[in-house]
file model-v7.json (JSON, C-alpha atoms and all ligand atoms)
[["chain", "number", "residue", "atom", "x", "y", "z"],
["A", 234, "MET", "CA", -83.10, -13.39, -61.24],
["A", 235, "LYS", "CA", -81.44, -16.57, -59.86],
["A", 236, "GLN", "CA", -79.96, -14.96, -56.72],
["A", 237, "SER", "CA", -83.15, -13.22, -55.69],
["A", 238, "LYS", "CA", -85.22, -16.43, -55.96],
["A", 239, "ASN", "CA", -84.33, -17.17, -52.33],
["A", 240, "ASN", "CA", -85.93, -13.90, -51.33],
["A", 241, "PRO", "CA", -89.53, -13.88, -52.66],
["A", 242, "ILE", "CA", -90.05, -10.11, -52.18],
["A", 243, "LYS", "CA", -86.89, -9.20, -54.09],
["A", 244, "PHE", "CA", -87.78, -11.77, -56.73],
["A", 245, "LEU", "CA", -91.29, -10.32, -57.21],
["A", 246, "ALA", "CA", -89.97, -6.75, -57.32],
["A", 247, "LYS", "CA", -87.46, -7.75, -59.99],
["A", 248, "LEU", "CA", -90.14, -9.58, -61.95],
["A", 249, "GLU", "CA", -92.42, -6.56, -61.75],
["A", 250, "ARG", "CA", -89.67, -4.26, -63.10],
["A", 251, "LYS", "CA", -89.04, -6.69, -65.94],
["A", 252, "ILE", "CA", -92.73, -6.89, -66.86],
["A", 253, "ILE", "CA", -93.03, -3.07, -66.83],
["A", 254, "LYS", "CA", -89.96, -2.80, -69.08],
["A", 255, "ASP", "CA", -91.27, -5.46, -71.48],
["A", 256, "LEU", "CA", -94.66, -3.72, -71.61],
["A", 257, "GLU", "CA", -92.93, -0.41, -72.43],
["A", 258, "ILE", "CA", -91.05, -2.06, -75.30],
["A", 259, "LEU", "CA", -94.26, -3.65, -76.58],
["A", 260, "ASN", "CA", -96.09, -0.32, -76.28],
["A", 261, "ASN", "CA", -93.31, 1.42, -78.16],
["A", 262, "HIS", "CA", -93.57, -1.08, -81.04],
["A", 263, "PHE", "CA", -97.32, -0.57, -81.11],
["A", 264, "HIS", "CA", -96.98, 3.23, -81.25],
["A", 265, "ARG", "CA", -94.32, 2.99, -83.97],
["A", 266, "PHE", "CA", -96.66, 0.82, -85.99],
["A", 267, "THR", "CA", -99.73, 3.08, -85.58],
["A", 268, "ASN", "CA", -97.51, 6.12, -86.18],
["A", 269, "HIS", "CA", -97.22, 5.07, -89.85],
["A", 270, "ILE", "CA", -101.01, 5.14, -90.24],
["A", 271, "HIS", "CA", -101.83, 8.28, -88.21],
["A", 272, "PRO", "CA", -98.66, 10.15, -87.12],
["A", 273, "ILE", "CA", -98.91, 10.52, -83.36],
["A", 274, "LYS", "CA", -97.49, 14.02, -83.40],
["A", 275, "ASP", "CA", -100.47, 15.08, -85.55],
["A", 276, "ARG", "CA", -102.86, 13.65, -83.00],
["A", 277, "LEU", "CA", -101.09, 15.22, -80.05],
["A", 278, "VAL", "CA", -103.18, 17.83, -78.23],
["A", 279, "ILE", "CA", -100.93, 20.45, -76.59],
["A", 280, "LYS", "CA", -102.36, 22.69, -73.88],
["A", 281, "ILE", "CA", -100.39, 25.54, -72.33],
["A", 282, "LYS", "CA", -101.67, 26.38, -68.86],
["A", 283, "LEU", "CA", -100.76, 28.59, -65.94],
["A", 284, "TYR", "CA", -99.28, 26.28, -63.32],
["A", 285, "GLU", "CA", -101.40, 27.87, -60.60],
["A", 286, "ASP", "CA", -104.58, 27.15, -62.57],
["A", 287, "LEU", "CA", -104.17, 23.36, -62.65],
["A", 288, "ASN", "CA", -106.95, 21.53, -60.84],
["A", 289, "GLU", "CA", -106.29, 18.71, -58.40],
["A", 290, "SER", "CA", -106.54, 15.91, -60.96],
["A", 291, "GLN", "CA", -104.31, 17.74, -63.49],
["A", 292, "ARG", "CA", -101.76, 18.34, -60.75],
["A", 293, "LYS", "CA", -101.79, 14.66, -59.83],
["A", 294, "SER", "CA", -101.30, 13.52, -63.39],
["A", 295, "VAL", "CA", -98.46, 16.05, -63.93],
["A", 296, "ASN", "CA", -96.73, 14.84, -60.76],
["A", 297, "TYR", "CA", -97.24, 11.20, -61.71],
["A", 298, "THR", "CA", -95.90, 11.67, -65.26],
["A", 299, "PHE", "CA", -92.97, 13.83, -64.12],
["A", 300, "ARG", "CA", -91.98, 11.23, -61.53],
["A", 301, "LYS", "CA", -92.05, 8.44, -64.11],
["A", 302, "VAL", "CA", -89.20, 10.14, -65.98],
["A", 303, "TYR", "CA", -87.35, 12.17, -63.34],
["A", 304, "GLN", "CA", -88.03, 9.94, -60.27],
["A", 305, "ILE", "CA", -89.36, 12.96, -58.41],
["A", 306, "THR", "CA", -92.71, 14.79, -58.55],
["A", 307, "LEU", "CA", -92.78, 18.25, -60.10],
["A", 308, "GLU", "CA", -93.91, 19.66, -56.75],
["A", 309, "LYS", "CA", -90.86, 18.18, -55.02],
["A", 310, "HIS", "CA", -88.64, 19.29, -57.90],
["A", 311, "HIS", "CA", -89.54, 22.96, -57.50],
["A", 312, "GLU", "CA", -88.73, 22.92, -53.82],
["A", 313, "GLU", "CA", -85.14, 22.95, -55.07],
["A", 314, "TRP", "CA", -85.48, 24.57, -58.50],
["A", 315, "GLU", "CA", -87.57, 27.53, -59.66],
["A", 316, "LYS", "CA", -91.33, 27.00, -59.71],
["A", 317, "PRO", "CA", -92.85, 26.91, -63.22],
["A", 318, "HIS", "CA", -95.24, 29.68, -64.28],
["A", 319, "TYR", "CA", -96.64, 27.79, -67.26],
["A", 320, "LEU", "CA", -96.84, 24.15, -68.27],
["A", 321, "ALA", "CA", -97.11, 22.78, -71.78],
["A", 322, "LEU", "CA", -98.94, 19.48, -71.56],
["A", 323, "GLY", "CA", -99.05, 17.02, -74.45],
["A", 324, "TYR", "CA", -102.00, 14.61, -74.51],
["A", 325, "LEU", "CA", -102.64, 11.58, -76.69],
["A", 326, "ASN", "CA", -106.19, 10.26, -76.36],
["A", 327, "ASN", "CA", -106.54, 12.28, -73.14],
["A", 328, "LYS", "CA", -103.44, 10.67, -71.64],
["A", 329, "LEU", "CA", -100.65, 13.01, -70.55],
["A", 330, "ILE", "CA", -97.49, 11.79, -72.32],
["A", 331, "ALA", "CA", -95.23, 14.85, -72.61],
["A", 332, "ILE", "CA", -94.37, 17.98, -70.61],
["A", 333, "ARG", "CA", -92.25, 21.10, -70.88],
["A", 334, "TYR", "CA", -92.45, 23.96, -68.41],
["A", 335, "ILE", "CA", -91.81, 27.68, -68.59],
["A", 336, "VAL", "CA", -90.34, 29.89, -65.86],
["A", 337, "LEU", "CA", -90.34, 33.68, -66.09],
["A", 338, "ALA", "CA", -87.06, 35.05, -64.78],
["A", 339, "GLU", "CA", -84.82, 38.09, -64.74],
["A", 340, "ALA", "CA", -81.08, 38.10, -65.29],
["A", 341, "LEU", "CA", -78.12, 40.32, -65.99],
["A", 342, "PHE", "CA", -76.20, 39.61, -69.19],
["A", 343, "ASP", "CA", -72.80, 41.26, -68.76],
["A", 344, "GLY", "CA", -74.53, 43.68, -66.38],
["A", 345, "THR", "CA", -77.52, 44.50, -68.63],
["A", 346, "PRO", "CA", -81.04, 43.46, -67.41],
["A", 347, "VAL", "CA", -82.72, 40.82, -69.57],
["A", 348, "LYS", "CA", -86.17, 39.23, -69.27],
["A", 349, "LEU", "CA", -86.01, 35.49, -69.72],
["A", 350, "ALA", "CA", -88.35, 32.64, -70.44],
["A", 351, "GLY", "CA", -86.61, 29.70, -68.88],
["A", 352, "THR", "CA", -87.79, 26.34, -70.05],
["A", 353, "GLY", "CA", -87.21, 22.93, -68.58],
["A", 354, "GLY", "CA", -88.56, 19.60, -67.44],
["A", 355, "LEU", "CA", -88.86, 18.39, -71.02],
["A", 356, "LEU", "CA", -90.06, 14.82, -71.10],
["A", 357, "THR", "CA", -91.81, 12.25, -73.22],
["A", 358, "LEU", "CA", -92.95, 9.03, -71.57],
["A", 359, "PRO", "CA", -90.64, 6.14, -72.63],
["A", 360, "SER", "CA", -93.25, 4.27, -74.73],
["A", 361, "TYR", "CA", -93.84, 7.35, -76.91],
["A", 362, "ARG", "CA", -90.26, 8.41, -77.62],
["A", 363, "ARG", "CA", -88.59, 9.01, -81.01],
["A", 364, "LEU", "CA", -91.90, 9.87, -82.65],
["A", 365, "GLY", "CA", -91.31, 13.61, -82.80],
["A", 366, "ILE", "CA", -93.41, 14.43, -79.72],
["A", 367, "ALA", "CA", -90.80, 16.43, -77.81],
["A", 368, "GLU", "CA", -90.04, 18.34, -81.00],
["A", 369, "GLU", "CA", -93.73, 19.21, -81.37],
["A", 370, "ILE", "CA", -93.94, 20.46, -77.76],
["A", 371, "PHE", "CA", -90.70, 22.36, -78.23],
["A", 372, "ARG", "CA", -91.90, 24.24, -81.27],
["A", 373, "ARG", "CA", -95.23, 25.08, -79.64],
["A", 374, "VAL", "CA", -93.56, 26.40, -76.47],
["A", 375, "ASP", "CA", -91.05, 28.41, -78.52],
["A", 376, "ASP", "CA", -93.90, 30.07, -80.42],
["A", 377, "TYR", "CA", -95.73, 30.71, -77.17],
["A", 378, "ILE", "CA", -92.87, 32.39, -75.33],
["A", 379, "PHE", "CA", -92.04, 34.71, -78.22],
["A", 380, "ASP", "CA", -95.63, 35.50, -79.24],
["A", 381, "ASN", "CA", -97.30, 35.83, -75.83],
["A", 382, "LEU", "CA", -94.73, 36.64, -73.16],
["A", 383, "ASN", "CA", -92.92, 39.91, -72.94],
["A", 384, "ILE", "CA", -89.40, 38.48, -72.92],
["A", 385, "ASP", "CA", -86.04, 39.17, -74.51],
["A", 386, "CYS", "CA", -84.89, 35.60, -74.91],
["A", 387, "GLY", "CA", -85.34, 31.97, -73.98],
["A", 388, "LEU", "CA", -82.74, 30.07, -71.96],
["A", 389, "PHE", "CA", -82.37, 26.55, -70.62],
["A", 390, "ILE", "CA", -79.68, 24.19, -69.45],
["A", 391, "CYS", "CA", -79.23, 20.64, -70.66],
["A", 392, "GLY", "CA", -76.86, 17.72, -70.74],
["A", 393, "LYS", "CA", -74.19, 17.96, -73.44],
["A", 394, "SER", "CA", -75.50, 14.89, -75.29],
["A", 395, "LEU", "CA", -78.69, 16.73, -76.24],
["A", 396, "VAL", "CA", -77.06, 19.89, -77.62],
["A", 397, "LYS", "CA", -77.18, 18.74, -81.25],
["A", 398, "TYR", "CA", -80.88, 17.89, -80.97],
["A", 399, "TYR", "CA", -81.70, 21.35, -79.58],
["A", 400, "GLU", "CA", -79.55, 23.04, -82.21],
["A", 401, "ARG", "CA", -81.73, 21.35, -84.81],
["A", 402, "LEU", "CA", -84.68, 23.09, -83.14],
["A", 403, "GLY", "CA", -83.12, 26.52, -83.58],
["A", 404, "TRP", "CA", -81.37, 26.97, -80.23],
["A", 405, "THR", "CA", -77.72, 27.99, -79.84],
["A", 406, "LYS", "CA", -75.23, 26.71, -77.30],
["A", 407, "LEU", "CA", -73.35, 29.48, -75.51],
["A", 408, "THR", "CA", -69.67, 28.90, -75.93],
["A", 409, "CYS", "CA", -67.94, 31.26, -73.55],
["A", 410, "TYR", "CA", -69.87, 32.07, -70.41],
["A", 411, "LYS", "CA", -70.05, 31.97, -66.64],
["A", 412, "LEU", "CA", -73.52, 31.47, -65.19],
["A", 413, "PHE", "CA", -74.40, 32.23, -61.58],
["A", 414, "TYR", "CA", -77.69, 31.59, -59.79],
["A", 415, "GLN", "CA", -79.07, 31.40, -56.25],
["A", 416, "ASN", "CA", -79.03, 27.93, -54.75],
["A", 417, "ASN", "CA", -81.47, 26.62, -52.16],
["A", 418, "ASP", "CA", -79.67, 28.35, -49.29],
["A", 419, "ASN", "CA", -79.84, 31.67, -51.19],
["A", 420, "LYS", "CA", -76.12, 31.44, -51.81],
["A", 421, "ILE", "CA", -74.65, 32.25, -55.20],
["A", 422, "SER", "CA", -73.60, 29.14, -57.14],
["A", 423, "ARG", "CA", -71.84, 28.74, -60.42],
["A", 424, "LEU", "CA", -73.28, 26.36, -63.00],
["A", 425, "LYS", "CA", -70.90, 23.61, -64.03],
["A", 426, "LYS", "CA", -71.05, 20.60, -66.34],
["A", 427, "TYR", "CA", -74.22, 21.58, -68.20],
["A", 428, "ALA", "CA", -74.66, 23.29, -71.56],
["A", 429, "VAL", "CA", -76.58, 26.59, -71.71],
["A", 430, "MET", "CA", -78.92, 26.96, -74.69],
["A", 431, "ILE", "CA", -80.28, 30.31, -75.81],
["A", 432, "LYS", "CA", -82.77, 31.58, -78.39],
["A", 433, "SER", "CA", -84.02, 35.06, -79.22],
["A", 434, "LYS", "CA", -86.23, 36.50, -81.89],
["A", 435, "SER", "CA", -84.59, 39.74, -82.85],
["A", 436, "ARG", "CA", -81.15, 40.49, -81.46],
["A", 437, "ILE", "CA", -78.40, 37.94, -80.86],
["A", 438, "TYR", "CA", -77.24, 37.45, -77.29],
["A", 439, "ASN", "CA", -73.82, 36.02, -76.52],
["A", 440, "PRO", "CA", -73.08, 37.02, -72.91],
["A", 441, "GLU", "CA", -69.91, 36.07, -71.10],
["A", 442, "LEU", "CA", -71.42, 36.64, -67.66],
["A", 443, "ILE", "CA", -74.98, 35.57, -66.80],
["A", 444, "GLU", "CA", -76.36, 36.38, -63.36],
["A", 445, "ILE", "CA", -79.79, 34.84, -62.75],
["A", 446, "ASN", "CA", -81.85, 36.80, -60.26],
["A", 447, "GLY", "CA", -83.16, 33.75, -58.37],
["A", 448, "LYS", "CA", -83.04, 30.00, -58.62],
["A", 449, "LEU", "CA", -82.31, 28.04, -61.75],
["A", 450, "TRP", "CA", -84.97, 25.88, -63.47],
["B", 501, "LIG", "C1", -85.21, 13.90, -74.56],
["B", 501, "LIG", "C2", -86.66, 13.48, -74.79],
["B", 501, "LIG", "C3", -87.60, 14.53, -74.20],
["B", 501, "LIG", "C4", -86.92, 13.34, -76.29],
["B", 501, "LIG", "O1", -88.28, 13.04, -76.48],
["B", 501, "LIG", "P1", -88.84, 12.43, -77.87],
["B", 501, "LIG", "O2", -90.31, 12.67, -77.90],
["B", 501, "LIG", "O3", -88.36, 11.07, -78.02],
["B", 501, "LIG", "O4", -88.08, 13.39, -78.89],
["B", 501, "LIG", "P2", -88.22, 13.47, -80.48],
["B", 501, "LIG", "O5", -88.94, 12.26, -80.98],
["B", 501, "LIG", "O6", -88.72, 14.80, -80.85],
["B", 501, "LIG", "O7", -86.70, 13.42, -80.90],
["B", 501, "LIG", "C5", -85.92, 12.26, -80.71],
["B", 501, "LIG", "C6", -84.47, 12.72, -80.88],
["B", 501, "LIG", "O8", -84.00, 13.26, -79.64],
["B", 501, "LIG", "C7", -82.59, 13.05, -79.56],
["B", 501, "LIG", "N1", -82.33, 12.41, -78.28],
["B", 501, "LIG", "C8", -83.24, 11.93, -77.40],
["B", 501, "LIG", "N2", -82.62, 11.46, -76.29],
["B", 501, "LIG", "C9", -81.30, 11.68, -76.49],
["B", 501, "LIG", "C10", -80.15, 11.42, -75.70],
["B", 501, "LIG", "N3", -80.22, 10.88, -74.49],
["B", 501, "LIG", "N4", -78.95, 11.78, -76.21],
["B", 501, "LIG", "C11", -78.84, 12.33, -77.44],
["B", 501, "LIG", "N5", -79.90, 12.61, -78.23],
["B", 501, "LIG", "C12", -81.11, 12.27, -77.76],
["B", 501, "LIG", "C13", -82.18, 12.18, -80.73],
["B", 501, "LIG", "O9", -81.67, 13.06, -81.72],
["B", 501, "LIG", "C14", -83.51, 11.61, -81.19],
["B", 501, "LIG", "O10", -83.52, 11.41, -82.58],
["B", 501, "LIG", "P3", -83.28, 9.95, -83.18],
["B", 501, "LIG", "O11", -84.47, 9.15, -82.76],
["B", 501, "LIG", "O12", -83.25, 10.18, -84.65],
["B", 501, "LIG", "O13", -82.00, 9.44, -82.60],
["B", 501, "LIG", "C15", -86.96, 12.10, -74.13],
["B", 501, "LIG", "O14", -85.98, 11.17, -74.57],
["B", 501, "LIG", "C16", -86.97, 12.13, -72.62],
["B", 501, "LIG", "O15", -88.02, 12.35, -71.99],
["B", 501, "LIG", "N6", -85.81, 11.90, -72.00],
["B", 501, "LIG", "C17", -85.68, 11.89, -70.52],
["B", 501, "LIG", "C18", -85.74, 13.30, -69.96],
["B", 501, "LIG", "C19", -84.70, 14.23, -70.56],
["B", 501, "LIG", "O16", -83.54, 13.87, -70.69],
["B", 501, "LIG", "N7", -85.15, 15.45, -70.89],
["B", 501, "LIG", "C20", -84.28, 16.48, -71.44],
["B", 501, "LIG", "C21", -83.84, 17.42, -70.38],
["B", 501, "LIG", "S1", -82.87, 18.73, -71.07]]

call {"tool": "encode", "arguments": {"input": "model-v7.json", "output": "structure tokens"}}
result
Amino acid sequence: MKQSKNNPIKFLAKLERKIIKDLEILNNHFHRFTNHIHPIKDRLVIKIKLYEDLNESQRKSVNYTFRKVYQITLEKHHEEWEKPHYLALGYLNNKLIAIRYIVLAEALFDGTPVKLAGTGGLLTLPSYRRLGIAEEIFRRVDDYIFDNLNIDCGLFICGKSLVKYYERLGWTKLTCYKLFYQNNDNKISRLKKYAVMIKSKSRIYNPELIEINGKLW
């Protein structure tokens, strides 16, 4: 803070960031406290909607919430990545606090066509984390993709630090695979660094070569 005191704009911006952070911490304590009385995950209202069916105000609130976590609106995000077909939206007292999206995609697993539900964009707003909200959304979306969409399996990519969490939710990390997809210039790219998580209802998939017919999500 000391250095930026000479520059009032920088100083105010820094102060603003600090106040927002402090408010988030305070909010988190409040939600943890009320969570003991009425578990928030039991009061969470989850709606699964076709992305195209969102009205203007829903679209705005999705973009606003997405940007708060990923520093980019969802609309901007799918200029580079695949556009979602469905959104799972988690509301607490009519406030959007959590999101996970679903993309319908086709792929070849070792040369065999497979219909995929790709999921992504999972988020919970910082003040509401570690209360089981993402887990609630996860379970609901998992049920939805297997009960309502005509797919063979679910697939998403994630950072390696979250693998254990997703394994607890019934997903499996592929161990030996090469995954290719189309990048923004329609060129074939190979996925690196990330973990690939997979889930299916009946048969077990463990492909060595995955070719996504389109962009990744
Ligand atoms: C990941 C995220 C969605 C979890 O939301 P949440 O509502 O707090 O999740 P839950 O309450 O159901 O589960 C919390 C658990 O997630 C795991 N977890 C969350 N963030 C983690 C991280 N960065 N690294 C490792 N594990 C993590 C932990 O196991 C945690 O349990 P703990 O509190 O006992 O340590 C949330 O932290 C978030 O929005 N993060 C930023 C966006 C992101 O990384 N999304 C995932 C993209 S694959």

call {"tool": "residues_near_ligand", "arguments": {"input": "model-v7.json", "ligand": "ligand LIG 501 (chain B)", "cutoff": "10 Å", "atoms": "all atoms listed in the file", "output": "MDAnalysis selection string"}}
result
chainID A and resid 274 299 301:303 330:333 352:372 389:399 401:402 427:428 430

call {"tool": "axis_aligned_box", "arguments": {"input": "model-v7.json", "around": "region 308-322 of chain A", "padding_each_side": "5 Å", "output": "lines of an AutoDock Vina configuration file"}}
result
center_x = -92.0
center_y = 23.9
center_z = -62.8
size_x = 23.8
size_y = 21.5
size_z = 28.0

call {"tool": "atom_distance", "arguments": {"input": "model-v7.json", "atom1": "CA of Gly403 (chain A)", "atom2": "CA of Lys434 (chain A)"}}
result
10.6 Å

call {"tool": "residues_near_point", "arguments": {"input": "model-v7.json", "point": "(-81.0, 32.5, -73.2)", "cutoff": "9 Å", "atoms": "only C-alpha atoms", "output": "list in words"}}
result
Leu349, Ala350, Gly351, Asp385, Cys386, Gly387, Leu388, Phe389, Trp404, Thr405, Leu407, Val429, Met430, Ile431, Lys432, Ser433, Tyr438 and Asn439 of chain A

call {"tool": "residues_around", "arguments": {"input": "model-v7.json", "residues": "Asn296 (chain A)", "least_positions_apart": "6", "cutoff": "9 Å", "atoms": "all atoms listed in the file", "output": "list in words"}}
result
Ile305, Thr306, Leu307, Glu308 and Lys309 of chain A

call {"tool": "write_last_selection", "arguments": {"input": "model-v7.json", "atoms": "C-alpha atoms", "output": "PDB file, keeping the file's coordinate frame"}}
result
ATOM      1  CA  ILE A 305     -89.360  12.960 -58.410  1.00  0.00           C
ATOM      2  CA  THR A 306     -92.710  14.790 -58.550  1.00  0.00           C
ATOM      3  CA  LEU A 307     -92.780  18.250 -60.100  1.00  0.00           C
ATOM      4  CA  GLU A 308     -93.910  19.660 -56.750  1.00  0.00           C
ATOM      5  CA  LYS A 309     -90.860  18.180 -55.020  1.00  0.00           C
TER       6      LYS A 309
END

call {"tool": "closest_residue", "arguments": {"input": "model-v7.json", "among": "A:Ile242, A:Gln415, A:Asn261, A:Leu322", "to": "Tyr284 (chain A)", "atoms": "all atoms listed in the file"}}
result
A:Leu322

call {"tool": "atom_distance", "arguments": {"input": "model-v7.json", "atom1": "CA of Trp450 (chain A)", "atom2": "CA of Leu424 (chain A)"}}
result
11.7 Å

call {"tool": "closest_residue", "arguments": {"input": "model-v7.json", "among": "A:Ile335, A:Leu320, A:Ile252, A:Ile443", "to": "Leu412 (chain A)", "atoms": "all atoms listed in the file"}}
result
A:Ile443

call {"tool": "closest_residue", "arguments": {"input": "model-v7.json", "among": "A:Lys254, A:Lys247, A:Arg265, A:Lys448", "to": "Val336 (chain A)", "atoms": "only C-alpha atoms"}}
result
A:Lys448

call {"tool": "atom_distance", "arguments": {"input": "model-v7.json", "atom1": "CA of Tyr414 (chain A)", "atom2": "CA of His318 (chain A)"}}
result
18.2 Å

call {"tool": "closest_residue", "arguments": {"input": "model-v7.json", "among": "A:Val295, A:Arg250, A:Ala338, A:Cys409", "to": "Ala321 (chain A)", "atoms": "all atoms listed in the file"}}
result
A:Val295

call {"tool": "residues_near_point", "arguments": {"input": "model-v7.json", "point": "(-74.3, 39.8, -70.1)", "cutoff": "7 Å", "atoms": "all atoms listed in the file", "output": "compact mmCIF listing (two decimals) with C-alpha atoms, keeping the file's coordinate frame"}}
result
# COMPACT_ATOMS: atom_id res chain seq x y z
CA LEU A 341 -78.12 40.32 -65.99
CA PHE A 342 -76.20 39.61 -69.19
CA ASP A 343 -72.80 41.26 -68.76
CA GLY A 344 -74.53 43.68 -66.38
CA THR A 345 -77.52 44.50 -68.63
CA PRO A 440 -73.08 37.02 -72.91
CA GLU A 441 -69.91 36.07 -71.10
CA LEU A 442 -71.42 36.64 -67.66
CA ILE A 443 -74.98 35.57 -66.80

call {"tool": "closest_residue", "arguments": {"input": "model-v7.json", "among": "A:Glu444, A:Asp380, A:Lys348, A:Trp314", "to": "Asp418 (chain A)", "atoms": "only C-alpha atoms"}}
result
A:Trp314

call {"tool": "closest_residue", "arguments": {"input": "model-v7.json", "among": "A:Lys426, A:Lys328, A:His269, A:His311", "to": "Thr298 (chain A)", "atoms": "all atoms listed in the file"}}
result
A:Lys328
